[in-house]
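K.L.:
This is the content of input_4.cif (mmCIF, C-alpha atoms):
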data_entry
loop_
_atom_site.group_PDB
_atom_site.id
_atom_site.type_symbol
_atom_site.label_atom_id
_atom_site.label_comp_id
_atom_site.auth_asym_id
_atom_site.auth_seq_id
_atom_site.Cartn_x
_atom_site.Cartn_y
_atom_site.Cartn_z
ATOM 1 C CA MET U 1 -27.662 -12.538 16.912
ATOM 2 C CA GLU U 2 -24.931 -14.700 15.385
ATOM 3 C CA LEU U 3 -21.408 -13.561 16.161
ATOM 4 C CA GLN U 4 -19.313 -13.097 13.039
ATOM 5 C CA ILE U 5 -15.795 -14.478 13.005
ATOM 6 C CA GLU U 6 -13.366 -11.722 12.050
ATOM 7 C CA ASP U 7 -11.786 -11.857 8.590
ATOM 8 C CA SER U 8 -8.284 -11.996 10.092
ATOM 9 C CA ILE U 9 -9.187 -15.152 12.060
ATOM 10 C CA LEU U 10 -10.684 -16.776 8.951
ATOM 11 C CA VAL U 11 -7.529 -15.905 6.990
ATOM 12 C CA ARG U 12 -5.387 -17.444 9.731
ATOM 13 C CA ASP U 13 -7.601 -20.560 9.791
ATOM 14 C CA TYR U 14 -7.393 -20.924 6.001
ATOM 15 C CA ILE U 15 -3.595 -20.598 6.049
ATOM 16 C CA SER U 16 -3.610 -23.324 8.732
ATOM 17 C CA GLY U 17 -5.457 -25.643 6.342
ATOM 18 C CA ASP U 18 -9.155 -24.955 6.999
ATOM 19 C CA GLU U 19 -10.636 -24.748 3.441
ATOM 20 C CA LYS U 20 -14.078 -23.849 4.877
ATOM 21 C CA ALA U 21 -12.647 -20.570 6.224
ATOM 22 C CA LEU U 22 -11.943 -19.354 2.675
ATOM 23 C CA GLU U 23 -15.461 -20.331 1.588
ATOM 24 C CA ILE U 24 -16.882 -18.204 4.423
ATOM 25 C CA LEU U 25 -14.682 -15.256 3.380
ATOM 26 C CA ILE U 26 -15.737 -15.540 -0.278
ATOM 27 C CA ASN U 27 -19.431 -15.801 0.618
ATOM 28 C CA ARG U 28 -19.146 -12.891 3.054
ATOM 29 C CA HIS U 29 -17.593 -10.504 0.510
ATOM 30 C CA ASN U 30 -18.951 -11.955 -2.743
ATOM 31 C CA GLN U 31 -21.689 -9.333 -3.248
ATOM 32 C CA ARG U 32 -19.517 -6.309 -2.502
ATOM 33 C CA ILE U 33 -16.587 -7.454 -4.659
ATOM 34 C CA SER U 34 -18.821 -8.585 -7.548
ATOM 35 C CA SER U 35 -20.743 -5.291 -7.473
ATOM 36 C CA PHE U 36 -17.481 -3.339 -7.453
ATOM 37 C CA ILE U 37 -16.139 -5.279 -10.465
ATOM 38 C CA TYR U 38 -19.439 -5.052 -12.340
ATOM 39 C CA SER U 39 -19.612 -1.278 -11.761
ATOM 40 C CA LYS U 40 -16.375 -0.999 -13.751
ATOM 41 C CA VAL U 41 -16.784 -3.569 -16.542
ATOM 42 C CA LEU U 42 -20.598 -3.607 -16.967
ATOM 43 C CA ASP U 43 -20.534 -7.217 -18.157
ATOM 44 C CA ARG U 44 -21.606 -10.240 -16.085
ATOM 45 C CA ASP U 45 -19.221 -12.733 -17.750
ATOM 46 C CA ILE U 46 -16.199 -10.470 -17.423
ATOM 47 C CA THR U 47 -17.222 -9.727 -13.816
ATOM 48 C CA GLU U 48 -17.278 -13.470 -13.066
ATOM 49 C CA ASP U 49 -13.877 -13.988 -14.737
ATOM 50 C CA ILE U 50 -12.249 -11.125 -12.823
ATOM 51 C CA PHE U 51 -13.891 -12.266 -9.563
ATOM 52 C CA GLN U 52 -12.435 -15.768 -10.037
ATOM 53 C CA ASP U 53 -9.009 -14.384 -11.009
ATOM 54 C CA THR U 54 -9.112 -12.195 -7.898
ATOM 55 C CA PHE U 55 -9.623 -15.165 -5.602
ATOM 56 C CA ILE U 56 -7.059 -17.268 -7.444
ATOM 57 C CA LYS U 57 -4.568 -14.494 -6.652
ATOM 58 C CA VAL U 58 -5.826 -14.309 -3.052
ATOM 59 C CA ILE U 59 -5.392 -18.072 -2.613
ATOM 60 C CA LYS U 60 -1.885 -18.061 -4.146
ATOM 61 C CA THR U 61 -0.790 -15.197 -1.882
ATOM 62 C CA LEU U 62 -2.252 -16.829 1.233
ATOM 63 C CA LYS U 63 -0.701 -20.222 0.364
ATOM 64 C CA LYS U 64 2.699 -18.588 -0.221
ATOM 65 C CA GLY U 65 2.434 -16.998 3.221
ATOM 66 C CA THR U 66 3.090 -13.488 1.906
ATOM 67 C CA TYR U 67 -0.203 -11.978 3.120
ATOM 68 C CA SER U 68 0.420 -9.392 5.828
ATOM 69 C CA GLU U 69 -2.599 -7.056 5.805
ATOM 70 C CA GLU U 70 -3.715 -7.953 9.309
ATOM 71 C CA GLY U 71 -7.412 -7.148 9.742
ATOM 72 C CA LYS U 72 -7.707 -5.476 6.339
ATOM 73 C CA PHE U 73 -8.746 -8.402 4.184
ATOM 74 C CA LEU U 74 -11.536 -6.714 2.171
ATOM 75 C CA PRO U 75 -9.541 -3.596 1.122
ATOM 76 C CA TRP U 76 -6.669 -5.904 0.121
ATOM 77 C CA VAL U 77 -8.970 -8.080 -2.018
ATOM 78 C CA MET U 78 -10.567 -4.949 -3.527
ATOM 79 C CA ARG U 79 -7.100 -3.694 -4.539
ATOM 80 C CA ILE U 80 -6.383 -7.028 -6.239
ATOM 81 C CA ALA U 81 -9.731 -6.854 -8.085
ATOM 82 C CA HIS U 82 -9.070 -3.210 -8.972
ATOM 83 C CA ASN U 83 -5.661 -4.081 -10.483
ATOM 84 C CA LEU U 84 -7.157 -6.970 -12.464
ATOM 85 C CA ILE U 85 -9.846 -4.633 -13.840
ATOM 86 C CA ILE U 86 -7.134 -2.212 -15.009
ATOM 87 C CA ASP U 87 -5.249 -5.164 -16.577
ATOM 88 C CA HIS U 88 -8.451 -6.220 -18.347
ATOM 89 C CA PHE U 89 -8.924 -2.779 -19.909
ATOM 90 C CA ARG U 90 -5.255 -2.491 -20.838
ATOM 91 C CA LYS U 91 -5.444 -5.859 -22.605
ATOM 92 C CA ASN U 92 -8.551 -4.750 -24.458
ATOM 93 C CA LYS U 93 -7.102 -1.280 -25.167
ATOM 94 C CA ARG U 94 -10.145 0.564 -23.902
ATOM 95 C CA MET U 95 -11.440 2.253 -20.803
ATOM 96 C CA PRO U 96 -14.953 1.705 -19.416
ATOM 97 C CA MET U 97 -18.024 3.895 -19.768
ATOM 98 C CA PHE U 98 -17.489 4.995 -23.349
ATOM 99 C CA GLU U 99 -19.301 2.288 -25.259
ATOM 100 C CA GLY U 100 -23.036 2.629 -25.551
ATOM 101 C CA SER U 101 -23.351 4.203 -22.139
ATOM 102 C CA ASP U 102 -26.289 6.488 -21.415
ATOM 103 C CA ASP U 103 -24.729 7.609 -18.136
ATOM 104 C CA PHE U 104 -24.861 11.271 -17.184
ATOM 105 C CA ASN U 105 -22.024 13.152 -18.847
ATOM 106 C CA ILE U 106 -21.161 16.421 -17.120
ATOM 107 C CA PHE U 107 -18.805 17.335 -19.968
ATOM 108 C CA SER U 108 -21.591 17.208 -22.508
ATOM 109 C CA VAL U 109 -21.894 20.663 -23.985
ATOM 110 C CA ILE U 110 -25.438 20.290 -25.302
ATOM 111 C CA GLY U 111 -28.581 19.382 -23.386
ATOM 112 C CA ASP U 112 -31.208 19.603 -26.139
ATOM 113 C CA ASP U 113 -32.480 16.216 -27.354
ATOM 114 C CA LYS U 114 -33.871 17.681 -30.570
ATOM 115 C CA LEU U 115 -30.524 18.573 -32.084
ATOM 116 C CA ASN U 116 -30.345 18.926 -35.789
ATOM 117 C CA ALA U 117 -27.945 16.592 -37.624
ATOM 118 C CA GLU U 118 -25.131 19.150 -37.827
ATOM 119 C CA LYS U 119 -25.260 19.964 -34.103
ATOM 120 C CA GLN U 120 -25.368 16.236 -33.285
ATOM 121 C CA LEU U 121 -22.239 15.663 -35.392
ATOM 122 C CA ILE U 122 -20.481 18.498 -33.578
ATOM 123 C CA GLU U 123 -21.520 17.131 -30.172
ATOM 124 C CA ASP U 124 -20.295 13.650 -31.114
ATOM 125 C CA GLN U 125 -16.951 15.135 -32.215
ATOM 126 C CA ILE U 126 -16.608 17.080 -28.952
ATOM 127 C CA ASN U 127 -17.303 13.924 -26.913
ATOM 128 C CA THR U 128 -14.824 11.927 -29.021
ATOM 129 C CA ASP U 129 -12.166 14.643 -28.582
ATOM 130 C CA LEU U 130 -12.798 14.781 -24.842
ATOM 131 C CA ARG U 131 -12.531 10.998 -24.520
ATOM 132 C CA SER U 132 -9.168 10.992 -26.276
ATOM 133 C CA LEU U 133 -7.963 13.806 -23.978
ATOM 134 C CA ILE U 134 -9.066 11.837 -20.908
ATOM 135 C CA ASP U 135 -7.142 8.822 -22.216
ATOM 136 C CA GLU U 136 -3.940 10.913 -22.011
ATOM 137 C CA LEU U 137 -4.285 11.266 -18.226
ATOM 138 C CA PRO U 138 -2.296 9.016 -15.868
ATOM 139 C CA ASP U 139 -4.280 5.861 -14.948
ATOM 140 C CA ASP U 140 -5.056 6.877 -11.341
ATOM 141 C CA GLN U 141 -6.308 10.358 -12.351
ATOM 142 C CA ARG U 142 -8.319 9.026 -15.298
ATOM 143 C CA GLU U 143 -9.957 6.411 -13.098
ATOM 144 C CA VAL U 144 -11.105 8.937 -10.461
ATOM 145 C CA LEU U 145 -12.331 11.353 -13.149
ATOM 146 C CA LEU U 146 -14.344 8.602 -14.879
ATOM 147 C CA MET U 147 -15.901 7.465 -11.598
ATOM 148 C CA ARG U 148 -16.769 11.013 -10.539
ATOM 149 C CA ILE U 149 -17.953 12.485 -13.833
ATOM 150 C CA TYR U 150 -19.278 9.571 -15.854
ATOM 151 C CA LYS U 151 -20.513 7.352 -13.020
ATOM 152 C CA ASP U 152 -21.536 10.226 -10.711
ATOM 153 C CA MET U 153 -19.898 8.514 -7.705
ATOM 154 C CA SER U 154 -19.196 10.364 -4.464
ATOM 155 C CA PHE U 155 -15.597 10.740 -3.311
ATOM 156 C CA LYS U 156 -16.455 8.386 -0.438
ATOM 157 C CA GLU U 157 -17.533 5.722 -2.966
ATOM 158 C CA ILE U 158 -14.435 6.385 -5.086
ATOM 159 C CA SER U 159 -12.292 6.025 -1.966
ATOM 160 C CA GLU U 160 -13.917 2.680 -1.081
ATOM 161 C CA ASN U 161 -13.676 1.364 -4.666
ATOM 162 C CA THR U 162 -10.041 2.312 -5.215
ATOM 163 C CA GLY U 163 -8.696 1.592 -1.742
ATOM 164 C CA VAL U 164 -7.296 5.131 -1.295
ATOM 165 C CA SER U 165 -8.268 7.861 1.164
ATOM 166 C CA ILE U 166 -10.905 10.453 0.287
ATOM 167 C CA ASN U 167 -8.171 13.129 0.280
ATOM 168 C CA THR U 168 -6.127 11.114 -2.234
ATOM 169 C CA ALA U 169 -9.210 10.691 -4.448
ATOM 170 C CA LEU U 170 -9.885 14.463 -4.233
ATOM 171 C CA GLY U 171 -6.255 15.189 -5.080
ATOM 172 C CA ARG U 172 -6.338 12.870 -8.084
ATOM 173 C CA MET U 173 -9.509 14.549 -9.353
ATOM 174 C CA ARG U 174 -7.944 17.988 -8.923
ATOM 175 C CA TYR U 175 -4.808 16.936 -10.817
ATOM 176 C CA ALA U 176 -6.913 15.264 -13.516
ATOM 177 C CA LEU U 177 -8.767 18.549 -14.141
ATOM 178 C CA ILE U 178 -5.532 20.578 -14.053
ATOM 179 C CA ASN U 179 -3.886 18.156 -16.489
ATOM 180 C CA LEU U 180 -6.936 18.168 -18.778
ATOM 181 C CA ARG U 181 -6.756 21.973 -18.925
ATOM 182 C CA LYS U 182 -3.027 21.779 -19.734
ATOM 183 C CA ILE U 183 -3.653 19.237 -22.525
ATOM 184 C CA ILE U 184 -6.468 21.390 -23.935
ATOM 185 C CA ASP U 185 -4.309 24.554 -23.803
ATOM 186 C CA LYS U 186 -1.238 22.803 -25.227
ATOM 187 C CA ASN U 187 -3.204 21.464 -28.182
ATOM 188 C CA LYS U 188 -5.235 24.696 -28.562
ATOM 189 C CA ILE U 189 -8.449 22.642 -28.504
ATOM 190 C CA VAL U 190 -11.832 24.362 -28.441
ATOM 191 C CA LEU U 191 -14.535 22.185 -26.870
ATOM 192 C CA THR U 192 -17.609 24.127 -27.913
ATOM 193 C CA ASN U 193 -20.304 24.110 -30.534
ATOM 194 C CA SER U 194 -21.735 27.596 -30.028
#
Spit out the file's structure as C-alpha cells when you get a sec.

P.N.:
Amino acid sequence: MELQIEDSILVRDYISGDEKALEILINRHNQRISSFIYSKVLDRDITEDIFQDTFIKVIKTLKKGTYSEEGKFLPWVMRIAHNLIIDHFRKNKRMPMFEGSDDFNIFSVIGDDKLNAEKQLIEDQINTDLRSLIDELPDDQREVLLMRIYKDMSFKEISENTGVSINTALGRMRYALINLRKIIDKNKIVLTNS
C-alpha cells in the first residue's frame, strides 16, 4: 500500500517552491471539489471555471504566505469554492435549483400528476411565491434550506459541503423555517390550493 503524503506537508513543500506538490494536491482533491461545485451550479463549464478560480485563489494565498489552516487543507479549499459559488449566483442574480429542476420538492402542495390546467396554474403560483419567500432568507439559512429540501441532502452532507458543524447546519435550518413562517405571517400569505 502506497503511503500518502499529508496535505500539510504538500502545502509546505509547495510554499518552499515544489510545484509538483500543488499538482498532487489538486489531483488528490479534484473529484471531491468538482463534485461539490457541480452539485451547486449543475453546469460543467461553470463548474470548471469556479474550480480554476478556486485554485487561483489557493495559489495566491499560499504564495503570499497567509495560509494558516494547518492540516485542514480540504475544508479550507471547500470554503473558498463555496464562497466563489455564492459570488457566481450573486453576479447572476439567481439561486440554484429553481430553473428546470425536477428535484424532489417537499414544499410542493400537490402530488397528482394529472392536474387540470387551473390547479397547475395555482401550483406554479404557490411554488413561485415560495421561491420568492426563500430568497428573503439570509444567505446561510437559504443555502442550508435549499440543500436540505430541494437537494434532499443529509445534515452531514450539508456540514461537509458548507464547512460548518452539523449543529450549525441544524441551527441554520431551524432559523430558516422560523424566518419563513414569520415572513409568511407578516405578509398574510396562504400557501394552499385546497

K.L.:
Could you give me, as an MDAnalysis selection string, the residues within 8 Å of range 9-25 of chain U, counting all atoms listed in the file and dropping anything in the same chain fewer than 2 positions from it?

P.N.:
chainID U and resid 5:7 27:29 62:63 65

K.L.:
In Å, rounded to a single decimal, give me how far CA of Trp76 in chain U is from CA of Val58 in chain U.

P.N.:
9.0 Å

K.L.:
Compare U:Asn161, U:Ile178, U:Pro138, U:Asp49 by their minimum atom-to-atom distance to Ser35 in chain U, counting all atoms listed in the file, and give me the closest one.

P.N.:
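Nearest candidate to Ser35 in chain U out of U:Asn161, U:Ile178, U:Pro138, U:Asp49: U:Asn161.
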
K.L.:
Taking 4 positions as the minimum chain separation for residues in the same chain, which residues sit within 8 Å of His82 in chain U when counting all atoms listed in the file? Answer as JSON, numbers by chain.

P.N.:
{"U": [37, 78, 86, 161, 162]}

K.L.:
Could you tell me which of U:Leu180, U:Glu136, U:Tyr175, U:Arg79 comes closest to Phe36 in chain U if we count only C-alpha atoms?

P.N.:
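When distances to Phe36 in chain U are compared using only C-alpha atoms, the smallest one comes from U:Arg79.
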
K.L.:
For the structure shown, which residues end up in the PyMOL selection byres ((chain U and resi 133) around 10)? Put them as a list in words, please?

P.N.:
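Selected by the PyMOL selection byres ((chain U and resi 133) around 10) in this file: Asn127, Thr128, Asp129, Leu130, Arg131, Ser132, Ile134, Asp135, Glu136, Leu137, Arg142, Asn179, Leu180, Arg181, Ile183, Ile184, Asn187 and Ile189 of chain U.
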
K.L.:
For CA of Ile85 in chain U and CA of Ser68 in chain U, determine how far apart the two atoms are, in Å to one decimal place.

P.N.:
22.7 Å
